[in-house]
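Here is the structure we will look at, set down as C-alpha cells.
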Amino acid sequence: MQIEAVRNPDLVTLNRQYSARHVTRHNMTKFRAPKIDTVRVGVIGLGNRGPNHVKALVQIGNVEIRALCDKTPQQIQRGLAWTQAAGHEPTIHTGSEDAWQACCQQADLDLIFVCTPIPLHAPISIYAMRQGKHVACEVPAAWEMADCWKLVQAAEETRRHFMMLENYSYMTFQLQTLMMAKAGFFGDIVHAEGAYNTSKVNNNLGSKAKGTWGTGNYTDWWWLKAYAERRGNLYPTHGVGPIAQIMDINRGDQFDYMVSMESGDFNLAAKARELAQDDPDTYTPLSKLAYRGNMNTTLIRTVRGRTIVVQHDAHTPQPHNLIHGIYGTAGCALFDPPPPRIATGGHWVDESECAAIRERFTPELARKLGASTERHGHGGSDLRMDWHLIDCLRNGLPLPQDVYDAAAWSALAPLSQWSVLNRSSAIDIPDFTAGAWKTNPRNMDINFEDGGGNTDLLPPVEPATDVDDALARQWAQDHG
Ligand SMILES: NC(=O)c1ccc[n+]([C@@H]2O[C@H](COP(=O)([O-])OP(=O)(O)OC[C@H]3O[C@@H](n4cnc5c(N)ncnc54)[C@H](O)[C@@H]3O)[C@@H](O)[C@H]2O)c1
C-alpha cells in the first residue's frame, strides 16, 4: 500500500480563482431533462454498495439494468445475482482499471451509478456526463476541492443531471422532519447538528485475505489509506445533507464559513498494534501510520446567521449516531440517540404525541412505498431514494438533490482538512450556485406537488445466492 504524506493545498486561492471564473451556464437546480419512459442504467463498482443499488433498482418499474462494471471480474457476480433473478441482461465491463470508460461509452444507457471508492467518483462522473449520461454518484461526490468545481462545470456544460446519492435524507424521521420544516413546525431554524459517528474500526482494519497487501474489507484498503493520508471530516454528507435540506441551503440560505477541530488518534493505530501480535506481516506496517484523529467536529455559520455542527468519528466504539438535531424558534427534533424525539417547548412530547406528529408529517413518498422498503438497506432509505430518482427522470422533473448540493456538502471534506491543518482557522465555503441560492426554489418534492409519483414498484427479487454483504447485515443488526 502506497501512503503519501498529508497534503494541504491552498484552498483559499483555489476557491477564489474558481469563483472568479464561474458563471452559471445553466441553473441545474431547476433543470428538467426530457422525460425518459424506461430508464436504462449502468452500475460501476460492485463492492459493498453497488449491489445494494442493483437490488433496489430491480424492484422499480421501467428500469432496465443494461450494464454492470467492476475492475475485478469476481465482483461482477454480486450484481449479476440480482439482475439474473429479475431477468435483466446487462453487458459486462471488467478486467481493467479503466473498464468504466467503456461502460460510460455504452450507447444504450441513460443513467450511470458510480459506486467505486471515493477518489474515482469525480473522474468517472465527469466522463459519464461528457458521454451524455445522467449520473447518480455515491457519497461524498468528491474529496478534492477542484473536483467539486469540475462536477458543477460538467453538469452545467453538458446539461446532464448529477445527483449524489445521499440516502440518509430518505430515512423516515429525516423525511418527516423535512416536512415539518417546510410546514413551519420549527419556526425559524436557529441551529442544527448532524453526524456520522459509528464504529468502523473492524471494517477499516479487516482483512479478507490475511497477510496479503492490496486486500482488506474495502478494496485495496482504500478507506484505511485515506485515514493515513488525510485529515478533517472524510464523510460529511450523511450528517450535513438532511440538515442542509431542512435549512434550505442553496435555496434561500447558504453556507458562509466554517472551522474544524480534530482529536488525536486513540483507536486506529492501537488496534493495528493489537492485530499485529497475531499477524505481523499485515498489521505491523499499518500500526506505524499516522492516522486522522478519531473525532472531527466542524462548525458552520450560514449567511442568514444560523449555525450547524457536523461530526465524524468512525473509530471510537459507540452505537451508530446521526444526531440529526433541529432547533428552531417554535420547536425542535432529535433523532439520535434513540428514541427520536420532538418538542414544542421545554419538554419532549410523550411517545403517543410524538407518533401522532410523525404520522401527520409523513410525506406521500413514504406512504406510497410503505412496507416494500423494509427489505432494503439503511432503514429502507436506499429503495426510497433510488425510486425517487427514477420517478423524477421518468417525469422530467428536477432532481431531489442537485450538483450544487453535492458540491457544497462534499466540499466540507477538503475544507475541514484545511481548517484542521491550520489550527482550526476559519475558511469561507464557496457558493457553487454563483448567487442563484437567493432565488432557487426548494427541492425534495417528497409530496409530489410538482407531479410524479407514478412509477411502479415490482415484487421483491430473490437471488439464487445470498449476496447481501456483511456490512449491510451489521447495519440492520445495529438498527433492530
Ligand atoms: N450511502 C451509503 O450509505 C454508503 C454506504 C457504504 C458505502 N458508500 C459509498 O459507496 C462507495 C463504495 O463503497 P464500498 O463500501 O462499496 O467500497 P468497496 O471497496 O466494497 O467497493 C468498491 C468497488 O469498486 C470497485 N472498483 C475499484 N476501482 C475500480 C475501477 N477502477 N473500475 C471499476 N471498479 C472499481 C472495486 O473492485 C469494488 O468492487 C464509496 O463511495 C462509499 O463512500 C455509501
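How things are named: the first chain in the C-alpha cells is A, the next is B, and so on; residues count from 1 in each chain; ligands count from 1 in the order shown.
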
What are the nearest atom pairs, with distances in Å to one decimal, for all residues of chain A that come at most 6 Å from ligand 1, using only C-alpha atoms and all ligand atoms, set out by chain and rising residue number as a tab-separated table?
```
residue	atom	partner	partner_atom_place_in_ligand_line	distance
A:Ile44	CA	ligand 1	33 (C)	5.8
A:Gly45	CA	ligand 1	24 (O)	3.7
A:Leu46	CA	ligand 1	39 (O)	4.3
A:Gly47	CA	ligand 1	21 (O)	3.3
A:Asn48	CA	ligand 1	16 (O)	3.5
A:Arg49	CA	ligand 1	16 (O)	3.7
A:Gly50	CA	ligand 1	16 (O)	5.9
A:Cys69	CA	ligand 1	33 (C)	5.9
A:Asp70	CA	ligand 1	34 (N)	3.6
A:Lys71	CA	ligand 1	33 (C)	4.0
A:Thr72	CA	ligand 1	37 (O)	5.1
A:Gln75	CA	ligand 1	39 (O)	5.5
A:Glu97	CA	ligand 1	31 (N)	4.0
A:Asp98	CA	ligand 1	31 (N)	5.5
A:Ala99	CA	ligand 1	32 (N)	5.9
A:Trp100	CA	ligand 1	32 (N)	5.3
A:Cys115	CA	ligand 1	11 (C)	4.5
A:Thr116	CA	ligand 1	24 (O)	3.8
A:Pro117	CA	ligand 1	40 (C)	4.6
A:Ile118	CA	ligand 1	41 (O)	4.4
A:Glu138	CA	ligand 1	41 (O)	4.8
A:Val139	CA	ligand 1	43 (O)	5.0
A:Glu166	CA	ligand 1	1 (N)	5.9
A:Asn167	CA	ligand 1	1 (N)	5.6
A:Tyr218	CA	ligand 1	19 (O)	3.7
A:Thr219	CA	ligand 1	19 (O)	3.8
```

(message) With only C-alpha atoms as the counted atoms, please give the residues lying no more than 12 Å from Tyr327 of chain A, apart from itself and same-chain residues fewer than 6 positions off, as a VMD selection string.
(response) chain A and resid 177 181 185 to 194 243 246 to 247 306 to 309 333 to 334 341 to 346

How about saving the chosen residues, N, CA and C atoms kept, as a PDB file, in the first residue's frame?
```
ATOM      1  N   THR A 177     -39.044  15.190   9.416  1.00  0.00           N
ATOM      2  CA  THR A 177     -38.581  16.499   9.901  1.00  0.00           C
ATOM      3  C   THR A 177     -38.439  17.492   8.755  1.00  0.00           C
ATOM      4  N   ALA A 181     -40.297  21.040   8.745  1.00  0.00           N
ATOM      5  CA  ALA A 181     -39.605  22.308   8.477  1.00  0.00           C
ATOM      6  C   ALA A 181     -40.335  23.091   7.392  1.00  0.00           C
ATOM      7  N   PHE A 185     -43.153  24.060  11.290  1.00  0.00           N
ATOM      8  CA  PHE A 185     -43.286  23.498  12.642  1.00  0.00           C
ATOM      9  C   PHE A 185     -42.202  24.028  13.584  1.00  0.00           C
ATOM     10  N   PHE A 186     -40.981  24.164  13.063  1.00  0.00           N
ATOM     11  CA  PHE A 186     -39.861  24.585  13.930  1.00  0.00           C
ATOM     12  C   PHE A 186     -39.754  26.108  14.054  1.00  0.00           C
ATOM     13  N   GLY A 187     -40.613  26.859  13.336  1.00  0.00           N
ATOM     14  CA  GLY A 187     -40.435  28.313  13.279  1.00  0.00           C
ATOM     15  C   GLY A 187     -39.189  28.612  12.465  1.00  0.00           C
ATOM     16  N   ASP A 188     -38.431  29.651  12.887  1.00  0.00           N
ATOM     17  CA  ASP A 188     -37.131  29.921  12.253  1.00  0.00           C
ATOM     18  C   ASP A 188     -36.113  28.945  12.809  1.00  0.00           C
ATOM     19  N   ILE A 189     -35.469  28.178  11.948  1.00  0.00           N
ATOM     20  CA  ILE A 189     -34.459  27.231  12.464  1.00  0.00           C
ATOM     21  C   ILE A 189     -33.190  28.014  12.795  1.00  0.00           C
ATOM     22  N   VAL A 190     -32.732  27.843  14.034  1.00  0.00           N
ATOM     23  CA  VAL A 190     -31.589  28.602  14.545  1.00  0.00           C
ATOM     24  C   VAL A 190     -30.303  27.788  14.423  1.00  0.00           C
ATOM     25  N   HIS A 191     -30.424  26.479  14.687  1.00  0.00           N
ATOM     26  CA  HIS A 191     -29.225  25.647  14.834  1.00  0.00           C
ATOM     27  C   HIS A 191     -29.583  24.204  14.489  1.00  0.00           C
ATOM     28  N   ALA A 192     -28.611  23.471  13.927  1.00  0.00           N
ATOM     29  CA  ALA A 192     -28.832  22.039  13.654  1.00  0.00           C
ATOM     30  C   ALA A 192     -27.524  21.280  13.849  1.00  0.00           C
ATOM     31  N   GLU A 193     -27.661  19.996  14.159  1.00  0.00           N
ATOM     32  CA  GLU A 193     -26.479  19.154  14.378  1.00  0.00           C
ATOM     33  C   GLU A 193     -26.660  17.829  13.657  1.00  0.00           C
ATOM     34  N   GLY A 194     -25.604  17.381  12.986  1.00  0.00           N
ATOM     35  CA  GLY A 194     -25.668  16.091  12.294  1.00  0.00           C
ATOM     36  C   GLY A 194     -24.328  15.394  12.419  1.00  0.00           C
ATOM     37  N   ILE A 243     -29.776  17.956   7.010  1.00  0.00           N
ATOM     38  CA  ILE A 243     -29.903  19.258   7.680  1.00  0.00           C
ATOM     39  C   ILE A 243     -29.900  20.396   6.664  1.00  0.00           C
ATOM     40  N   ILE A 246     -33.222  20.738   5.186  1.00  0.00           N
ATOM     41  CA  ILE A 246     -34.176  21.302   6.143  1.00  0.00           C
ATOM     42  C   ILE A 246     -33.950  22.803   6.311  1.00  0.00           C
ATOM     43  N   MET A 247     -32.680  23.240   6.193  1.00  0.00           N
ATOM     44  CA  MET A 247     -32.360  24.664   6.374  1.00  0.00           C
ATOM     45  C   MET A 247     -32.340  25.429   5.042  1.00  0.00           C
ATOM     46  N   ARG A 306     -27.491  31.328  10.878  1.00  0.00           N
ATOM     47  CA  ARG A 306     -27.762  30.089  11.609  1.00  0.00           C
ATOM     48  C   ARG A 306     -26.457  29.305  11.779  1.00  0.00           C
ATOM     49  N   THR A 307     -26.432  28.329  12.691  1.00  0.00           N
ATOM     50  CA  THR A 307     -25.220  27.530  12.918  1.00  0.00           C
ATOM     51  C   THR A 307     -25.519  26.043  12.751  1.00  0.00           C
ATOM     52  N   ILE A 308     -24.463  25.299  12.339  1.00  0.00           N
ATOM     53  CA  ILE A 308     -24.580  23.853  12.113  1.00  0.00           C
ATOM     54  C   ILE A 308     -23.326  23.190  12.676  1.00  0.00           C
ATOM     55  N   VAL A 309     -23.502  22.092  13.414  1.00  0.00           N
ATOM     56  CA  VAL A 309     -22.375  21.255  13.847  1.00  0.00           C
ATOM     57  C   VAL A 309     -22.416  19.959  13.037  1.00  0.00           C
ATOM     58  N   ALA A 333     -36.357  18.890  17.222  1.00  0.00           N
ATOM     59  CA  ALA A 333     -36.447  17.443  16.997  1.00  0.00           C
ATOM     60  C   ALA A 333     -35.050  16.866  17.128  1.00  0.00           C
ATOM     61  N   LEU A 334     -34.987  15.602  17.570  1.00  0.00           N
ATOM     62  CA  LEU A 334     -33.695  14.934  17.749  1.00  0.00           C
ATOM     63  C   LEU A 334     -33.862  13.458  17.422  1.00  0.00           C
ATOM     64  N   ARG A 341     -37.113  12.126  19.086  1.00  0.00           N
ATOM     65  CA  ARG A 341     -37.923  12.980  19.968  1.00  0.00           C
ATOM     66  C   ARG A 341     -38.315  14.285  19.287  1.00  0.00           C
ATOM     67  N   ILE A 342     -39.412  14.888  19.764  1.00  0.00           N
ATOM     68  CA  ILE A 342     -39.906  16.163  19.241  1.00  0.00           C
ATOM     69  C   ILE A 342     -40.335  17.012  20.435  1.00  0.00           C
ATOM     70  N   ALA A 343     -40.114  18.331  20.353  1.00  0.00           N
ATOM     71  CA  ALA A 343     -40.579  19.227  21.423  1.00  0.00           C
ATOM     72  C   ALA A 343     -41.102  20.527  20.813  1.00  0.00           C
ATOM     73  N   THR A 344     -42.046  21.142  21.533  1.00  0.00           N
ATOM     74  CA  THR A 344     -42.521  22.473  21.112  1.00  0.00           C
ATOM     75  C   THR A 344     -42.284  23.486  22.231  1.00  0.00           C
ATOM     76  N   GLY A 345     -41.618  23.075  23.274  1.00  0.00           N
ATOM     77  CA  GLY A 345     -41.319  23.957  24.399  1.00  0.00           C
ATOM     78  C   GLY A 345     -40.205  23.338  25.201  1.00  0.00           C
ATOM     79  N   GLY A 346     -40.297  23.444  26.512  1.00  0.00           N
ATOM     80  CA  GLY A 346     -39.205  22.997  27.372  1.00  0.00           C
ATOM     81  C   GLY A 346     -39.142  21.508  27.632  1.00  0.00           C
TER      82      GLY A 346
END
```

(request) Compare A:Pro340, A:Gly435, A:Gly232, A:Gly184 by their minimum atom-to-atom distance to Val259 of chain A, counting only C-alpha atoms, and give me the closest one. (result) A:Gly232

(message) I need the residues of segment 19-216 of chain A that end up classed as strand (DSSP E or B) by DSSP on the backbone, written out as a ChimeraX atom specification.
(response) /A:39-44,60,63-70,91-94,111-114,134-137,162-164,189-197

Output C-alpha atoms of each residue in that selection to a file, as an mmCIF file, in the first residue's frame.
```cif
data_model
loop_
_atom_site.group_PDB
_atom_site.id
_atom_site.type_symbol
_atom_site.label_atom_id
_atom_site.label_comp_id
_atom_site.auth_asym_id
_atom_site.auth_seq_id
_atom_site.Cartn_x
_atom_site.Cartn_y
_atom_site.Cartn_z
ATOM 1 C CA VAL A 39 -34.535 4.341 -17.666
ATOM 2 C CA ARG A 40 -31.554 2.274 -18.890
ATOM 3 C CA VAL A 41 -28.950 2.011 -16.141
ATOM 4 C CA GLY A 42 -25.282 1.043 -15.817
ATOM 5 C CA VAL A 43 -23.751 0.389 -12.366
ATOM 6 C CA ILE A 44 -20.000 0.879 -11.835
ATOM 7 C CA ILE A 60 -38.503 -0.359 -9.624
ATOM 8 C CA VAL A 63 -35.828 0.333 -15.153
ATOM 9 C CA GLU A 64 -33.543 -1.812 -17.279
ATOM 10 C CA ILE A 65 -30.074 -2.596 -15.958
ATOM 11 C CA ARG A 66 -28.103 -2.670 -19.196
ATOM 12 C CA ALA A 67 -24.518 -2.622 -17.846
ATOM 13 C CA LEU A 68 -22.510 -3.809 -14.845
ATOM 14 C CA CYS A 69 -18.895 -2.800 -14.329
ATOM 15 C CA ASP A 70 -16.154 -3.601 -11.839
ATOM 16 C CA THR A 91 -23.402 -6.000 -20.735
ATOM 17 C CA ILE A 92 -20.354 -6.679 -18.522
ATOM 18 C CA HIS A 93 -17.343 -4.335 -18.399
ATOM 19 C CA THR A 94 -14.466 -5.682 -16.308
ATOM 20 C CA LEU A 111 -28.024 6.818 -16.213
ATOM 21 C CA ILE A 112 -24.753 5.694 -14.614
ATOM 22 C CA PHE A 113 -24.485 4.759 -10.923
ATOM 23 C CA VAL A 114 -20.963 5.396 -9.588
ATOM 24 C CA HIS A 134 -27.064 11.377 -16.234
ATOM 25 C CA VAL A 135 -25.102 10.397 -13.128
ATOM 26 C CA ALA A 136 -26.072 9.088 -9.693
ATOM 27 C CA CYS A 137 -22.949 9.017 -7.536
ATOM 28 C CA PHE A 162 -25.695 14.817 -11.327
ATOM 29 C CA MET A 163 -27.302 13.511 -8.148
ATOM 30 C CA MET A 164 -25.233 12.495 -5.139
ATOM 31 C CA ILE A 189 -34.459 27.231 12.464
ATOM 32 C CA VAL A 190 -31.589 28.602 14.545
ATOM 33 C CA HIS A 191 -29.225 25.647 14.834
ATOM 34 C CA ALA A 192 -28.832 22.039 13.654
ATOM 35 C CA GLU A 193 -26.479 19.154 14.378
ATOM 36 C CA GLY A 194 -25.668 16.091 12.294
ATOM 37 C CA ALA A 195 -23.085 13.330 12.396
ATOM 38 C CA TYR A 196 -21.817 10.072 11.053
ATOM 39 C CA ASN A 197 -20.452 8.626 14.254
#
```

(request) Can you pull out every residue within 8 Å of Asp428 of chain A, counting only C-alpha atoms, but drop anything in the same chain fewer than 6 positions away, and send it as a ChimeraX atom specification? (result) /A:12,256-258

(message) I'd like the contact shell of Asn440 of chain A - 10 Å cut-off, only C-alpha atoms, skipping same-chain residues fewer than 4 positions apart - returned as number ranges by chain.
(response) A: 27-30, 248-253, 433, 435-436

(message) Could you check the closest approach to Lys55 of chain A for each of A:Ile76, A:Leu421, A:Val403, A:Leu383 and tell me which residue wins, using only C-alpha atoms?
(response)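 Among the listed residues, the smallest separation from Lys55 of chain A belongs to A:Leu383.
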
Which segment 117-180 of chain A residues have any atom within 9 Å of an atom of segment 20-24 of chain A, and for each, what is the nearest pair of atoms with distance in Å to one decimal, counting only C-alpha atoms, rows sorted by chain and number, as JSON lines?
```
{"residue": "A:Trp149", "atom": "CA", "partner": "A:His22", "partner_atom": "CA", "distance": 8.7}
{"residue": "A:Gln153", "atom": "CA", "partner": "A:His22", "partner_atom": "CA", "distance": 8.1}
{"residue": "A:Glu156", "atom": "CA", "partner": "A:Thr24", "partner_atom": "CA", "distance": 7.3}
```

Requested write-out: N, CA and C atoms of the selected residues, as a JSON list (two decimals), in the first residue's frame:
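Once written, again-v2.json looks like this:
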```
[["chain", "number", "residue", "atom", "x", "y", "z"],
["A", 149, "TRP", "N", -15.73, 21.74, -7.99],
["A", 149, "TRP", "CA", -15.98, 22.76, -9.03],
["A", 149, "TRP", "C", -16.15, 22.11, -10.41],
["A", 153, "GLN", "N", -19.20, 22.40, -13.16],
["A", 153, "GLN", "CA", -18.95, 22.84, -14.55],
["A", 153, "GLN", "C", -19.47, 21.80, -15.54],
["A", 156, "GLU", "N", -23.33, 21.66, -15.71],
["A", 156, "GLU", "CA", -23.89, 22.85, -16.39],
["A", 156, "GLU", "C", -23.59, 22.81, -17.89]]
```
